[in-house]
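Colleague: What follows is coords-v3.cif, made up of mmCIF, C-alpha atoms:
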```cif
data_protein
loop_
_atom_site.label_atom_id
_atom_site.label_comp_id
_atom_site.auth_asym_id
_atom_site.auth_seq_id
_atom_site.Cartn_x
_atom_site.Cartn_y
_atom_site.Cartn_z
CA MET A 11 -57.92 -50.07 13.05
CA ALA A 12 -61.11 -50.65 11.04
CA LYS A 13 -62.02 -48.28 8.25
CA PRO A 14 -65.25 -46.30 8.78
CA LEU A 15 -68.20 -47.36 6.65
CA ILE A 16 -70.49 -45.14 4.53
CA ALA A 17 -73.63 -46.69 3.01
CA VAL A 18 -75.38 -45.32 -0.10
CA VAL A 19 -79.13 -45.98 0.05
CA GLY A 20 -82.33 -44.77 -1.61
CA ARG A 21 -85.23 -45.92 -3.74
CA PRO A 22 -84.59 -47.53 -7.14
CA ASN A 23 -83.30 -45.55 -10.12
CA VAL A 24 -82.15 -42.37 -8.35
CA GLY A 25 -78.52 -42.83 -9.43
CA LYS A 26 -76.98 -44.57 -6.40
CA SER A 27 -74.68 -46.81 -8.46
CA THR A 28 -73.56 -43.92 -10.69
CA LEU A 29 -72.68 -41.94 -7.56
CA PHE A 30 -70.92 -44.97 -6.06
CA ASN A 31 -68.80 -45.45 -9.21
CA LYS A 32 -67.94 -41.74 -9.29
CA LEU A 33 -66.81 -41.73 -5.64
CA ILE A 34 -64.60 -44.84 -5.88
CA GLY A 35 -63.20 -43.81 -9.27
CA GLN A 36 -64.07 -46.96 -11.20
CA ARG A 37 -67.07 -48.63 -12.84
CA LEU A 38 -67.72 -51.36 -10.28
CA ALA A 39 -71.49 -51.16 -9.80
CA ILE A 40 -73.82 -51.94 -12.72
CA VAL A 41 -75.57 -48.82 -14.02
CA GLU A 42 -78.88 -49.20 -15.89
CA ASP A 43 -81.80 -46.91 -16.68
CA THR A 44 -84.25 -49.50 -15.35
CA PRO A 45 -84.89 -49.97 -11.62
CA GLY A 46 -83.29 -52.93 -9.86
CA GLY A 47 -79.94 -52.90 -11.66
CA THR A 48 -78.14 -53.36 -8.34
CA ARG A 49 -79.58 -56.30 -6.44
CA ASP A 50 -76.74 -57.03 -4.02
CA ARG A 51 -74.67 -54.76 -1.86
CA ILE A 52 -71.33 -53.83 -3.42
CA ASP A 53 -68.51 -52.53 -1.26
CA ALA A 54 -65.17 -50.96 -2.13
CA PRO A 55 -62.46 -48.90 -0.43
CA CYS A 56 -62.59 -45.17 -1.10
CA GLU A 57 -60.29 -42.25 -0.26
CA TRP A 58 -61.00 -38.57 0.43
CA ARG A 59 -58.81 -35.90 2.05
CA GLY A 60 -56.04 -38.46 2.53
CA ARG A 61 -58.29 -40.79 4.56
CA GLU A 62 -59.56 -44.25 3.60
CA PHE A 63 -63.04 -45.58 4.29
CA MET A 64 -65.34 -48.31 2.97
CA LEU A 65 -68.23 -47.33 0.67
CA VAL A 66 -71.23 -49.63 0.21
CA ASP A 67 -73.70 -49.43 -2.67
CA THR A 68 -77.12 -51.02 -2.14
CA GLY A 69 -80.07 -52.05 -4.24
CA GLY A 70 -83.06 -49.72 -4.29
CA ILE A 71 -85.35 -49.80 -1.26
CA GLU A 72 -89.04 -50.36 -1.94
CA PRO A 73 -90.59 -49.99 1.56
CA ARG A 74 -93.92 -51.44 0.44
CA THR A 75 -93.50 -54.41 -1.88
CA GLU A 76 -94.48 -58.07 -2.08
CA ASP A 77 -91.96 -58.80 -4.84
CA MET A 78 -89.44 -61.38 -3.58
CA ILE A 79 -86.39 -59.83 -5.30
CA LEU A 80 -87.25 -56.31 -4.12
CA ALA A 81 -87.76 -57.65 -0.60
CA LYS A 82 -84.27 -59.20 -0.68
CA MET A 83 -82.86 -55.89 -1.95
CA ARG A 84 -84.56 -54.14 0.97
CA ALA A 85 -82.99 -56.65 3.38
CA GLN A 86 -79.58 -55.96 1.82
CA ALA A 87 -80.03 -52.24 2.36
CA GLN A 88 -81.10 -52.79 5.97
CA ILE A 89 -77.88 -54.71 6.60
CA ALA A 90 -75.86 -51.83 5.19
CA ILE A 91 -77.78 -49.35 7.37
CA ASP A 92 -77.12 -51.43 10.49
CA SER A 93 -73.39 -51.60 9.72
CA ALA A 94 -72.77 -48.02 8.60
CA ASP A 95 -71.21 -45.12 10.47
CA VAL A 96 -72.84 -42.63 8.08
CA ILE A 97 -75.65 -43.08 5.55
CA ILE A 98 -75.98 -41.18 2.27
CA MET A 99 -79.62 -41.07 1.19
CA VAL A 100 -79.83 -40.42 -2.55
CA THR A 101 -82.90 -38.72 -4.05
CA ASP A 102 -83.78 -37.53 -7.56
CA LEU A 103 -84.32 -33.83 -8.30
CA ARG A 104 -86.30 -34.57 -11.46
CA SER A 105 -88.96 -36.71 -9.78
CA GLY A 106 -89.09 -34.67 -6.56
CA VAL A 107 -89.97 -36.08 -3.14
CA THR A 108 -91.98 -39.28 -3.49
CA ALA A 109 -93.90 -41.31 -0.92
CA ASN A 110 -91.10 -43.89 -0.97
CA ASP A 111 -88.54 -41.16 -0.25
CA SER A 112 -90.55 -40.13 2.82
CA ASP A 113 -90.79 -43.74 4.02
CA ILE A 114 -87.06 -44.31 3.57
CA ALA A 115 -86.25 -41.06 5.39
CA ALA A 116 -88.44 -42.19 8.30
CA LEU A 117 -86.65 -45.57 8.32
CA LEU A 118 -83.26 -43.86 8.45
CA LEU A 119 -84.33 -41.51 11.23
CA ARG A 120 -85.44 -44.52 13.30
CA SER A 121 -82.00 -46.12 12.80
CA GLY A 122 -80.39 -43.32 14.81
CA LYS A 123 -77.46 -43.16 12.37
CA PRO A 124 -76.14 -39.88 10.92
CA VAL A 125 -77.74 -39.27 7.51
CA VAL A 126 -76.49 -36.99 4.73
CA LEU A 127 -79.19 -36.14 2.16
CA CYS A 128 -77.99 -36.14 -1.47
CA VAL A 129 -80.23 -34.60 -4.16
CA ASN A 130 -78.90 -36.19 -7.34
CA LYS A 131 -79.21 -35.11 -10.98
CA CYS A 132 -78.55 -31.42 -10.24
CA ASP A 133 -76.60 -31.27 -13.49
CA ARG A 134 -76.62 -27.51 -14.04
CA ILE A 135 -73.95 -25.34 -12.43
CA GLY A 136 -75.15 -22.32 -10.50
CA ASP A 137 -78.18 -21.69 -8.32
CA VAL A 138 -80.31 -24.72 -7.57
CA PRO A 139 -83.85 -24.77 -9.04
CA PRO A 140 -86.84 -24.03 -6.78
CA ASP A 141 -87.78 -27.74 -6.73
CA PHE A 142 -84.60 -28.41 -4.72
CA TYR A 143 -86.04 -26.85 -1.55
CA GLU A 144 -88.84 -29.43 -1.47
CA PHE A 145 -86.32 -31.97 -0.09
CA TYR A 146 -86.12 -30.10 3.24
CA ASN A 147 -89.52 -31.72 3.95
CA LEU A 148 -87.77 -35.08 4.51
CA GLY A 149 -86.45 -33.79 7.83
CA LEU A 150 -82.85 -34.91 7.22
CA GLY A 151 -81.21 -31.50 7.43
CA ASP A 152 -79.65 -29.50 4.61
CA PRO A 153 -79.76 -31.40 1.28
CA ILE A 154 -76.62 -31.34 -0.87
CA PRO A 155 -77.01 -30.85 -4.65
CA VAL A 156 -74.97 -33.42 -6.58
CA SER A 157 -74.49 -34.53 -10.17
CA SER A 158 -73.26 -38.12 -10.03
CA VAL A 159 -72.71 -38.09 -13.81
CA HIS A 160 -70.49 -35.00 -13.88
CA GLY A 161 -69.14 -35.19 -10.33
CA HIS A 162 -70.45 -31.79 -9.22
CA GLY A 163 -71.00 -31.61 -5.47
CA THR A 164 -69.38 -34.94 -4.61
CA GLY A 165 -66.66 -33.20 -2.60
CA GLU A 166 -69.22 -31.30 -0.53
CA LEU A 167 -71.11 -34.58 -0.03
CA LEU A 168 -68.05 -36.39 1.35
CA ASP A 169 -67.11 -33.36 3.47
CA ALA A 170 -70.55 -33.56 5.08
CA CYS A 171 -70.04 -37.29 5.76
CA PHE A 172 -66.60 -36.67 7.27
CA GLU A 173 -68.16 -34.51 9.98
CA TYR A 174 -69.57 -37.73 11.47
CA LEU A 175 -66.58 -40.06 10.94
CA ASP A 176 -64.02 -40.76 13.65
CA PHE A 177 -60.71 -41.81 12.10
CA ASP A 178 -58.84 -41.64 15.40
CA ARG A 179 -60.71 -44.29 17.35
CA GLU A 180 -58.20 -45.98 19.60
CA GLU A 181 -58.55 -49.57 20.69
CA GLU A 182 -58.18 -50.05 24.41
CA TYR A 183 -56.03 -53.15 24.12
CA PRO A 184 -52.51 -53.43 25.58
CA GLU A 185 -49.73 -53.65 23.01
CA ASP A 186 -48.66 -57.12 24.17
CA TYR A 187 -51.96 -58.62 22.92
CA ILE A 188 -51.99 -60.13 19.43
CA LYS A 189 -55.22 -59.20 17.63
CA VAL A 190 -56.47 -62.21 15.63
CA ALA A 191 -59.31 -61.95 13.10
CA VAL A 192 -61.07 -65.29 12.59
CA ILE A 193 -62.35 -65.01 9.02
CA GLY A 194 -64.06 -67.24 6.47
CA LYS A 195 -67.45 -67.81 4.94
CA PRO A 196 -70.49 -68.70 7.09
CA ASN A 197 -70.91 -72.12 8.70
CA VAL A 198 -67.25 -73.18 8.54
CA GLY A 199 -66.95 -73.16 12.35
CA LYS A 200 -65.42 -69.75 13.14
CA SER A 201 -67.58 -69.22 16.21
CA SER A 202 -67.10 -72.81 17.31
CA LEU A 203 -63.33 -72.35 17.09
CA VAL A 204 -63.43 -69.15 19.17
CA ASN A 205 -65.75 -70.85 21.67
CA ARG A 206 -63.37 -73.81 21.89
CA ILE A 207 -60.43 -71.47 22.54
CA ALA A 208 -62.44 -69.51 25.11
CA GLY A 209 -63.72 -72.66 26.78
CA GLU A 210 -60.34 -74.19 27.59
CA GLU A 211 -59.85 -74.46 31.35
CA ARG A 212 -56.30 -73.16 31.23
CA VAL A 213 -57.19 -69.82 29.59
CA ILE A 214 -58.31 -66.55 31.12
CA VAL A 215 -61.23 -65.16 29.13
CA SER A 216 -63.08 -61.86 29.17
CA ASN A 217 -65.49 -60.27 26.71
CA MET A 218 -64.48 -56.82 25.51
CA ALA A 219 -66.87 -54.55 23.67
CA GLY A 220 -65.68 -54.31 20.07
CA THR A 221 -64.67 -50.96 18.64
CA THR A 222 -66.35 -51.82 15.35
CA ARG A 223 -70.15 -52.08 15.03
CA ASP A 224 -71.70 -54.78 17.22
CA SER A 225 -68.84 -57.28 17.32
CA THR A 226 -67.62 -58.70 20.62
CA ASP A 227 -63.94 -59.50 20.98
CA THR A 228 -62.65 -62.26 23.22
CA ALA A 229 -59.49 -61.68 25.23
CA VAL A 230 -57.54 -64.89 25.89
CA GLU A 231 -54.41 -65.37 27.97
CA ASN A 232 -52.73 -68.77 28.14
CA ALA A 233 -49.36 -70.51 28.09
CA PHE A 234 -48.79 -69.41 24.48
CA GLY A 235 -49.39 -65.68 25.02
CA LYS A 236 -52.09 -62.98 25.09
CA TYR A 237 -54.63 -62.67 22.30
CA ILE A 238 -57.74 -60.76 21.21
CA PHE A 239 -59.90 -63.02 19.03
CA ILE A 240 -62.25 -61.12 16.72
CA ASP A 241 -65.07 -63.44 15.68
CA THR A 242 -66.40 -62.24 12.33
CA ALA A 243 -69.33 -64.65 12.21
CA GLY A 244 -71.70 -61.99 13.54
CA ILE A 245 -74.87 -63.80 12.46
CA ARG A 246 -74.76 -67.36 13.76
CA ARG A 247 -77.22 -69.55 11.91
CA LYS A 248 -76.82 -73.30 11.83
CA SER A 249 -79.58 -73.89 9.31
CA LYS A 250 -80.01 -72.22 5.94
CA VAL A 251 -77.59 -69.42 5.16
CA GLU A 252 -79.26 -66.85 2.94
CA GLU A 253 -77.36 -64.97 0.26
CA ASN A 254 -77.55 -61.61 2.02
CA ILE A 255 -76.08 -63.10 5.20
CA GLU A 256 -73.16 -64.58 3.27
CA ARG A 257 -72.39 -61.27 1.58
CA TYR A 258 -72.69 -59.47 4.90
CA SER A 259 -70.04 -61.80 6.34
CA VAL A 260 -67.56 -60.65 3.68
CA LEU A 261 -67.94 -57.02 4.70
CA ARG A 262 -67.60 -57.90 8.40
CA ALA A 263 -64.46 -59.91 7.59
CA TYR A 264 -62.96 -56.89 5.82
CA MET A 265 -63.54 -54.68 8.84
CA ALA A 266 -62.07 -57.30 11.20
CA VAL A 267 -58.97 -57.77 9.02
CA ASP A 268 -58.31 -54.02 9.12
CA ARG A 269 -58.12 -54.17 12.93
CA ALA A 270 -56.10 -57.37 13.23
CA ASP A 271 -52.43 -58.29 13.40
CA VAL A 272 -53.06 -61.88 12.25
CA ALA A 273 -55.86 -63.32 10.10
CA VAL A 274 -56.89 -66.94 10.68
CA MET A 275 -58.69 -68.14 7.55
CA VAL A 276 -61.06 -70.97 8.53
CA ILE A 277 -62.01 -73.51 5.85
CA ASP A 278 -64.50 -76.36 6.13
CA ALA A 279 -62.61 -79.63 5.50
CA THR A 280 -65.80 -81.28 4.25
CA GLU A 281 -66.28 -78.59 1.55
CA GLY A 282 -62.74 -77.55 0.68
CA PHE A 283 -61.65 -74.25 -0.86
CA THR A 284 -64.27 -71.99 -2.46
CA GLU A 285 -64.30 -68.73 -4.42
CA GLN A 286 -65.64 -66.95 -1.34
CA ASP A 287 -62.55 -68.10 0.58
CA SER A 288 -60.24 -66.67 -2.06
CA LYS A 289 -61.99 -63.29 -1.92
CA ILE A 290 -61.67 -62.99 1.86
CA ALA A 291 -58.11 -64.33 2.01
CA GLY A 292 -57.09 -62.09 -0.90
CA TYR A 293 -58.17 -59.02 1.06
CA ALA A 294 -56.00 -60.07 4.03
CA HIS A 295 -53.08 -60.49 1.61
CA GLN A 296 -53.64 -57.04 0.07
CA GLN A 297 -53.71 -55.48 3.53
CA GLY A 298 -50.35 -57.05 4.36
CA LYS A 299 -51.60 -59.14 7.28
CA ALA A 300 -49.94 -62.25 8.66
CA CYS A 301 -52.11 -65.27 7.79
CA VAL A 302 -52.78 -68.84 8.90
CA VAL A 303 -55.20 -71.23 7.16
CA ALA A 304 -57.09 -73.41 9.66
CA VAL A 305 -58.80 -76.42 8.07
CA ASN A 306 -61.66 -77.07 10.49
CA LYS A 307 -63.89 -80.17 10.91
CA TRP A 308 -60.90 -82.43 10.21
CA ASP A 309 -62.48 -85.01 12.52
CA ALA A 310 -65.39 -85.35 10.07
CA VAL A 311 -63.13 -86.38 7.13
CA GLU A 312 -62.59 -90.04 6.32
CA LYS A 313 -58.83 -90.52 6.30
CA ASP A 314 -56.18 -92.90 5.10
CA GLY A 315 -52.39 -92.61 5.13
CA ARG A 316 -52.30 -89.93 2.38
CA THR A 317 -55.42 -87.84 3.11
CA MET A 318 -53.68 -84.92 4.81
CA GLN A 319 -50.84 -84.81 2.29
CA GLU A 320 -53.24 -84.79 -0.67
CA PHE A 321 -55.46 -82.14 0.97
CA ARG A 322 -52.40 -79.99 1.67
CA GLN A 323 -51.23 -80.25 -1.94
CA LYS A 324 -54.64 -79.15 -3.18
CA LEU A 325 -54.67 -76.19 -0.76
CA GLU A 326 -51.18 -75.16 -1.85
CA ASN A 327 -52.51 -75.01 -5.40
CA ASP A 328 -55.67 -73.11 -4.35
CA PHE A 329 -53.60 -70.64 -2.31
CA SER A 330 -50.92 -70.18 -4.96
CA PHE A 331 -51.45 -66.41 -4.66
CA MET A 332 -50.47 -66.76 -0.97
CA SER A 333 -47.72 -69.36 -1.21
CA TYR A 334 -46.26 -68.26 2.13
CA VAL A 335 -49.31 -69.22 4.22
CA PRO A 336 -49.02 -72.18 6.67
CA PHE A 337 -51.84 -74.72 7.15
CA VAL A 338 -53.12 -76.42 10.30
CA PHE A 339 -55.69 -79.23 10.27
CA LEU A 340 -57.83 -79.03 13.39
CA SER A 341 -61.22 -79.66 14.93
CA ALA A 342 -63.05 -77.01 16.92
CA LEU A 343 -65.41 -79.77 18.11
CA THR A 344 -62.74 -82.01 19.68
CA GLY A 345 -59.95 -79.47 20.22
CA GLN A 346 -57.55 -81.42 18.00
CA ARG A 347 -54.43 -79.36 17.10
CA VAL A 348 -55.80 -76.10 18.54
CA ASP A 349 -52.49 -75.74 20.41
CA LYS A 350 -50.72 -75.87 17.04
CA LEU A 351 -52.85 -72.92 15.92
CA PHE A 352 -51.50 -70.77 18.77
CA GLU A 353 -47.92 -71.66 17.81
CA LEU A 354 -48.54 -70.63 14.19
CA ILE A 355 -50.22 -67.38 15.22
CA ASN A 356 -47.16 -66.48 17.29
CA LEU A 357 -44.82 -67.45 14.44
CA VAL A 358 -46.53 -65.49 11.67
CA ASN A 359 -47.03 -62.45 13.91
CA GLU A 360 -43.31 -62.44 14.70
CA LYS A 361 -42.38 -62.70 11.01
CA ASN A 362 -44.85 -59.96 10.03
CA SER A 363 -43.14 -57.57 12.46
CA LEU A 364 -39.56 -58.77 11.80
CA ARG A 365 -36.92 -56.12 11.11
CA ILE A 366 -33.72 -57.13 9.29
CA SER A 367 -30.57 -55.05 9.41
CA THR A 368 -29.33 -53.39 6.21
CA GLY A 369 -26.02 -55.23 6.53
CA ARG A 370 -27.65 -58.66 6.50
CA LEU A 371 -29.92 -57.67 3.63
CA ASN A 372 -27.00 -56.55 1.49
CA ASP A 373 -25.07 -59.75 2.25
CA LEU A 374 -28.12 -61.59 0.94
CA LEU A 375 -28.33 -59.25 -2.08
CA ALA A 376 -24.67 -59.91 -2.99
CA TYR A 377 -25.27 -63.68 -2.78
CA ALA A 378 -28.52 -63.53 -4.77
CA THR A 379 -27.13 -61.36 -7.60
CA ALA A 380 -24.03 -63.56 -7.87
CA ARG A 381 -26.18 -66.66 -8.08
CA VAL A 382 -28.62 -65.24 -10.67
CA GLN A 383 -27.45 -62.23 -12.63
CA PRO A 384 -29.86 -59.25 -12.80
CA PRO A 385 -31.71 -58.91 -16.13
CA SER A 386 -30.60 -56.70 -19.00
CA ASP A 387 -32.32 -55.07 -21.96
CA LYS A 388 -30.72 -53.70 -25.15
CA GLY A 389 -27.26 -53.87 -23.65
CA LYS A 390 -28.26 -52.10 -20.45
CA ARG A 391 -27.97 -54.28 -17.32
CA LEU A 392 -29.82 -53.75 -14.06
CA LYS A 393 -27.56 -52.76 -11.18
CA ILE A 394 -28.93 -53.03 -7.64
CA TYR A 395 -26.82 -50.80 -5.41
CA TYR A 396 -28.28 -51.74 -2.06
CA MET A 397 -31.41 -52.86 -0.24
CA THR A 398 -32.88 -51.67 3.06
CA GLN A 399 -36.02 -52.39 5.04
CA ALA A 400 -38.45 -49.47 5.11
CA SER A 401 -41.17 -50.80 7.41
CA THR A 402 -42.83 -53.79 9.04
CA ARG A 403 -46.41 -55.17 8.97
CA PRO A 404 -45.83 -56.25 6.29
CA PRO A 405 -42.02 -56.33 5.88
CA THR A 406 -41.30 -53.82 3.11
CA PHE A 407 -37.91 -53.63 1.40
CA VAL A 408 -36.62 -50.84 -0.84
CA CYS A 409 -34.14 -51.69 -3.59
CA PHE A 410 -32.11 -48.80 -5.07
CA CYS A 411 -31.02 -49.45 -8.65
CA ASN A 412 -29.75 -47.71 -11.77
CA GLN A 413 -32.94 -48.07 -13.86
CA ALA A 414 -36.29 -49.12 -12.41
CA GLU A 415 -37.76 -50.31 -15.72
CA LEU A 416 -35.07 -53.00 -15.94
CA PHE A 417 -36.19 -54.44 -12.59
CA HIS A 418 -38.50 -57.11 -14.02
CA PHE A 419 -41.22 -58.49 -11.73
CA SER A 420 -39.76 -62.00 -12.12
CA TYR A 421 -36.48 -60.81 -10.60
CA GLN A 422 -38.41 -59.12 -7.79
CA ARG A 423 -40.11 -62.47 -7.16
CA TYR A 424 -36.70 -64.15 -7.13
CA LEU A 425 -35.39 -61.71 -4.50
CA GLU A 426 -38.57 -62.16 -2.46
CA ASN A 427 -38.06 -65.92 -2.47
CA GLN A 428 -34.44 -65.48 -1.40
CA ILE A 429 -35.52 -63.29 1.53
CA ARG A 430 -38.15 -65.84 2.53
CA GLU A 431 -35.68 -68.71 2.36
CA GLN A 432 -32.86 -66.93 4.22
CA PHE A 433 -34.97 -65.45 7.01
CA ALA A 434 -37.79 -68.06 7.16
CA MET A 435 -40.51 -65.49 6.43
CA ASP A 436 -43.47 -67.86 6.77
CA GLY A 437 -47.00 -66.58 7.06
CA THR A 438 -46.44 -62.98 5.99
CA PRO A 439 -46.61 -61.13 2.68
CA ILE A 440 -43.49 -59.24 1.60
CA ARG A 441 -43.43 -55.97 -0.34
CA ILE A 442 -40.51 -54.93 -2.55
CA VAL A 443 -40.34 -51.29 -3.65
CA VAL A 444 -38.00 -50.29 -6.51
CA ARG A 445 -36.33 -46.87 -6.50
CA GLU A 446 -33.85 -45.37 -8.90
CA ARG A 447 -30.80 -43.87 -7.24
CA GLY A 448 -31.41 -40.20 -6.55
CA GLU A 449 -35.17 -40.52 -6.00
#
```
Could you take the file, read its structure, and then write that structure out as structure tokens?

Modeller:
Amino acid sequence: MAKPLIAVVGRPNVGKSTLFNKLIGQRLAIVEDTPGGTRDRIDAPCEWRGREFMLVDTGGIEPRTEDMILAKMRAQAQIAIDSADVIIMVTDLRSGVTANDSDIAALLLRSGKPVVLCVNKCDRIGDVPPDFYEFYNLGLGDPIPVSSVHGHGTGELLDACFEYLDFDREEEYPEDYIKVAVIGKPNVGKSSLVNRIAGEERVIVSNMAGTTRDSTDTAVENAFGKYIFIDTAGIRRKSKVEENIERYSVLRAYMAVDRADVAVMVIDATEGFTEQDSKIAGYAHQQGKACVVAVNKWDAVEKDGRTMQEFRQKLENDFSFMSYVPFVFLSALTGQRVDKLFELINLVNEKNSLRISTGRLNDLLAYATARVQPPSDKGKRLKIYYMTQASTRPPTFVCFCNQAELFHFSYQRYLENQIREQFAMDGTPIRIVVRERGE
């Protein structure tokens, strides 16, 4: 299920980035005293009242400007507004209501989205000053006094946002459908791949309204199984891809990954692996999703006898942080090896939901510890009493030991590799949790 999205918007230099950093608990956005410090949208997961959501910081909106950079910042903010479930409009108590504030408030009212009005820089505790009541003129309901520097009022601000968020949205898909997010940067052929899959004569296809924003999911039933393909392309441009569109695709990919069982990472064979690919794939890994890397446009690559092997070796190096991921070289244009993609989706989905009995795990543990002795420190040796599986998606294993600090990460990696080798855990991340006996 996708996380709800809250966007932080407002004119330049009202403290949006300071508020964003305070809410997420880290200094991610650049904070400067001069306007325009944040030029691109920045997004990060955030948690409040035991619930997770995505928070997006935007550059300042200048409704009336001919400046090219400010116009791009305004476009960034508009993208965030279009995507958000709730919008926080940040204003500045010290400067009062400005003409730009009024224009932005009118823009937000036209969007039809729920808006929570934040009056920032209310740094004194106690009754608000008389100037505070001026912000009722914006027509956005009751303003909330906040100090983004000190953190005063941030709880009330998020409480107000939570009144509009639905964390219990249920997807109306049968359980026997595998939800597949097709992710990757723009223009690598994600939409072409989904269209190829949907256009096969032997498949049954229907369009289902997406539960997240304006996406449309494609239901496919064929000889390999039943699938929901979530196309994260969203904006389909074949010509020039502007920077704001590319950054927007990252956020859409995040939301699609949250909903999916399997993530298919599409890479352009004519370009190879990029930093953008690592960012998107890394999020799927962090979320514990089963993954497949689809190298598209393979028909456009000049090949000899070693081309695929050399390309695979390079990808294995690029995806060293996801060494478990399988690769398939295909062409959405010709349909080459698309059948192989279905087989890999089924395989990695099965491994991501695999449950292993405690007896088999402890047989493996006895073999692994006999083969490579657990580490020791200052005469104290690690003893692993037993291992059990706590959950699936991703497979998570709990090891009970005598002293957790002796359980070095290298030995955890060794046990992970043993589990992968013994149970053929391809295509899925594995989590190992260390507990001392008695915890």

Colleague: With a distance cut-off of 12 Å and all atoms listed in the file, select the neighbouring residues of stretch 413-415 of chain A, excluding the residue or stretch itself and same-chain residues fewer than 3 positions from it, and output the selection as a ChimeraX atom specification.

Modeller: /A:384-387,390-395,408-410,418-419,421-422,443-449

Colleague: As an exercise, work out the distance from atom CA of A:Ile429 to atom CA of A:Val358 in Å and give it to one decimal place.

Modeller: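 Interatomic distance here is 15.1 Å.
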
Colleague: Could you make a table, as a tab-separated table, of the residues of stretch 397-421 of chain A that have an atom within 12 Å of an atom of stretch 262-276 of chain A, each with its nearest atom pair and distance in Å to one decimal, counting only C-alpha atoms, in chain and number order?

Modeller:
```
residue	atom	partner	partner_atom	distance
A:Thr402	CA	A:Asp271	CA	11.5
A:Arg403	CA	A:Asp271	CA	8.1
A:Pro404	CA	A:Asp271	CA	9.9
```

Colleague: Can you list, as a list in words, the residues that the PyMOL selection byres ((chain A and resi 95-109) around 6) selects here?

Modeller: Leu15, Ile16, Ala17, Val18, Val19, Gly20, Val24, Ala94, Asn110, Asp111, Ser112, Pro124, Val125, Val126, Leu127, Cys128, Val129, Asn130 and Lys131 of chain A

Colleague: Could you tell me, as a short mmCIF file (atom, residue, chain, number, x, y, z; two decimals) with C-alpha atoms, keeping the file's coordinate frame, exactly which residues end up selected when the PyMOL selection byres ((chain A and resi 341) around 8) is applied to this structure?

Modeller:
```
data_model
loop_
_atom_site.label_atom_id
_atom_site.label_comp_id
_atom_site.auth_asym_id
_atom_site.auth_seq_id
_atom_site.Cartn_x
_atom_site.Cartn_y
_atom_site.Cartn_z
CA LEU A 203 -63.33 -72.35 17.09
CA VAL A 305 -58.80 -76.42 8.07
CA ASN A 306 -61.66 -77.07 10.49
CA LYS A 307 -63.89 -80.17 10.91
CA TRP A 308 -60.90 -82.43 10.21
CA ASP A 309 -62.48 -85.01 12.52
CA PHE A 339 -55.69 -79.23 10.27
CA LEU A 340 -57.83 -79.03 13.39
CA ALA A 342 -63.05 -77.01 16.92
CA LEU A 343 -65.41 -79.77 18.11
CA THR A 344 -62.74 -82.01 19.68
CA GLY A 345 -59.95 -79.47 20.22
CA GLN A 346 -57.55 -81.42 18.00
CA ARG A 347 -54.43 -79.36 17.10
CA VAL A 348 -55.80 -76.10 18.54
#
```

Colleague: Kindly indicate which residue among A:Phe63, A:Phe234, A:Tyr334, A:Tyr143 lies nearest to A:Leu351, using only C-alpha atoms for the distances.

Modeller: A:Phe234

Colleague: Give as a ChimeraX atom specification the residues that the PyMOL selection byres ((chain A and resi 362-364) around 8) matches when applied to the coordinates above.

Modeller: /A:299-300,358-361,365-366,402-405,435,437-439

Colleague: Write the selection just made, keeping C-alpha atoms, as an mmCIF file, keeping the file's coordinate frame?

Modeller:
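The file below, out08.cif, is the result:
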```cif
data_model
loop_
_atom_site.group_PDB
_atom_site.id
_atom_site.type_symbol
_atom_site.label_atom_id
_atom_site.label_comp_id
_atom_site.auth_asym_id
_atom_site.auth_seq_id
_atom_site.Cartn_x
_atom_site.Cartn_y
_atom_site.Cartn_z
ATOM 1 C CA LYS A 299 -51.600 -59.140 7.280
ATOM 2 C CA ALA A 300 -49.940 -62.250 8.660
ATOM 3 C CA VAL A 358 -46.530 -65.490 11.670
ATOM 4 C CA ASN A 359 -47.030 -62.450 13.910
ATOM 5 C CA GLU A 360 -43.310 -62.440 14.700
ATOM 6 C CA LYS A 361 -42.380 -62.700 11.010
ATOM 7 C CA ARG A 365 -36.920 -56.120 11.110
ATOM 8 C CA ILE A 366 -33.720 -57.130 9.290
ATOM 9 C CA THR A 402 -42.830 -53.790 9.040
ATOM 10 C CA ARG A 403 -46.410 -55.170 8.970
ATOM 11 C CA PRO A 404 -45.830 -56.250 6.290
ATOM 12 C CA PRO A 405 -42.020 -56.330 5.880
ATOM 13 C CA MET A 435 -40.510 -65.490 6.430
ATOM 14 C CA GLY A 437 -47.000 -66.580 7.060
ATOM 15 C CA THR A 438 -46.440 -62.980 5.990
ATOM 16 C CA PRO A 439 -46.610 -61.130 2.680
#
```

Colleague: At what distance in Å, to one decimal, does atom CA of A:Ile442 lie from atom CA of A:Thr406?

Modeller: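 These two atoms are separated by 5.8 Å.
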
Colleague: Per residue of stretch 285-367 of chain A within 7 Å of stretch 188-201 of chain A, note the shortest atom pair and the distance in Å to one decimal, counting all atoms listed in the file, and order the rows by chain and increasing residue number, as JSON lines.

Modeller:
```
{"residue": "A:Gln286", "atom": "CA", "partner": "A:Lys195", "partner_atom": "CA", "distance": 6.6}
{"residue": "A:Asp287", "atom": "CA", "partner": "A:Gly194", "partner_atom": "CA", "distance": 6.1}
{"residue": "A:Ile290", "atom": "CA", "partner": "A:Gly194", "partner_atom": "CA", "distance": 6.7}
{"residue": "A:Asn306", "atom": "CA", "partner": "A:Gly199", "partner_atom": "CA", "distance": 6.8}
```

Colleague: So which one's closest to A:Glu62, A:Leu175, A:Leu29, A:Ala116, A:Ala170? Using all atoms listed in the file, please.

Modeller: A:Leu175

Colleague: Could you work out how far atom CA of A:Arg61 lies from atom CA of A:Phe177, giving the answer in Å with one decimal?

Modeller: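 If I compute the distance from atom CA of A:Phe177 to atom CA of A:Arg61, I get 8.0 Å.
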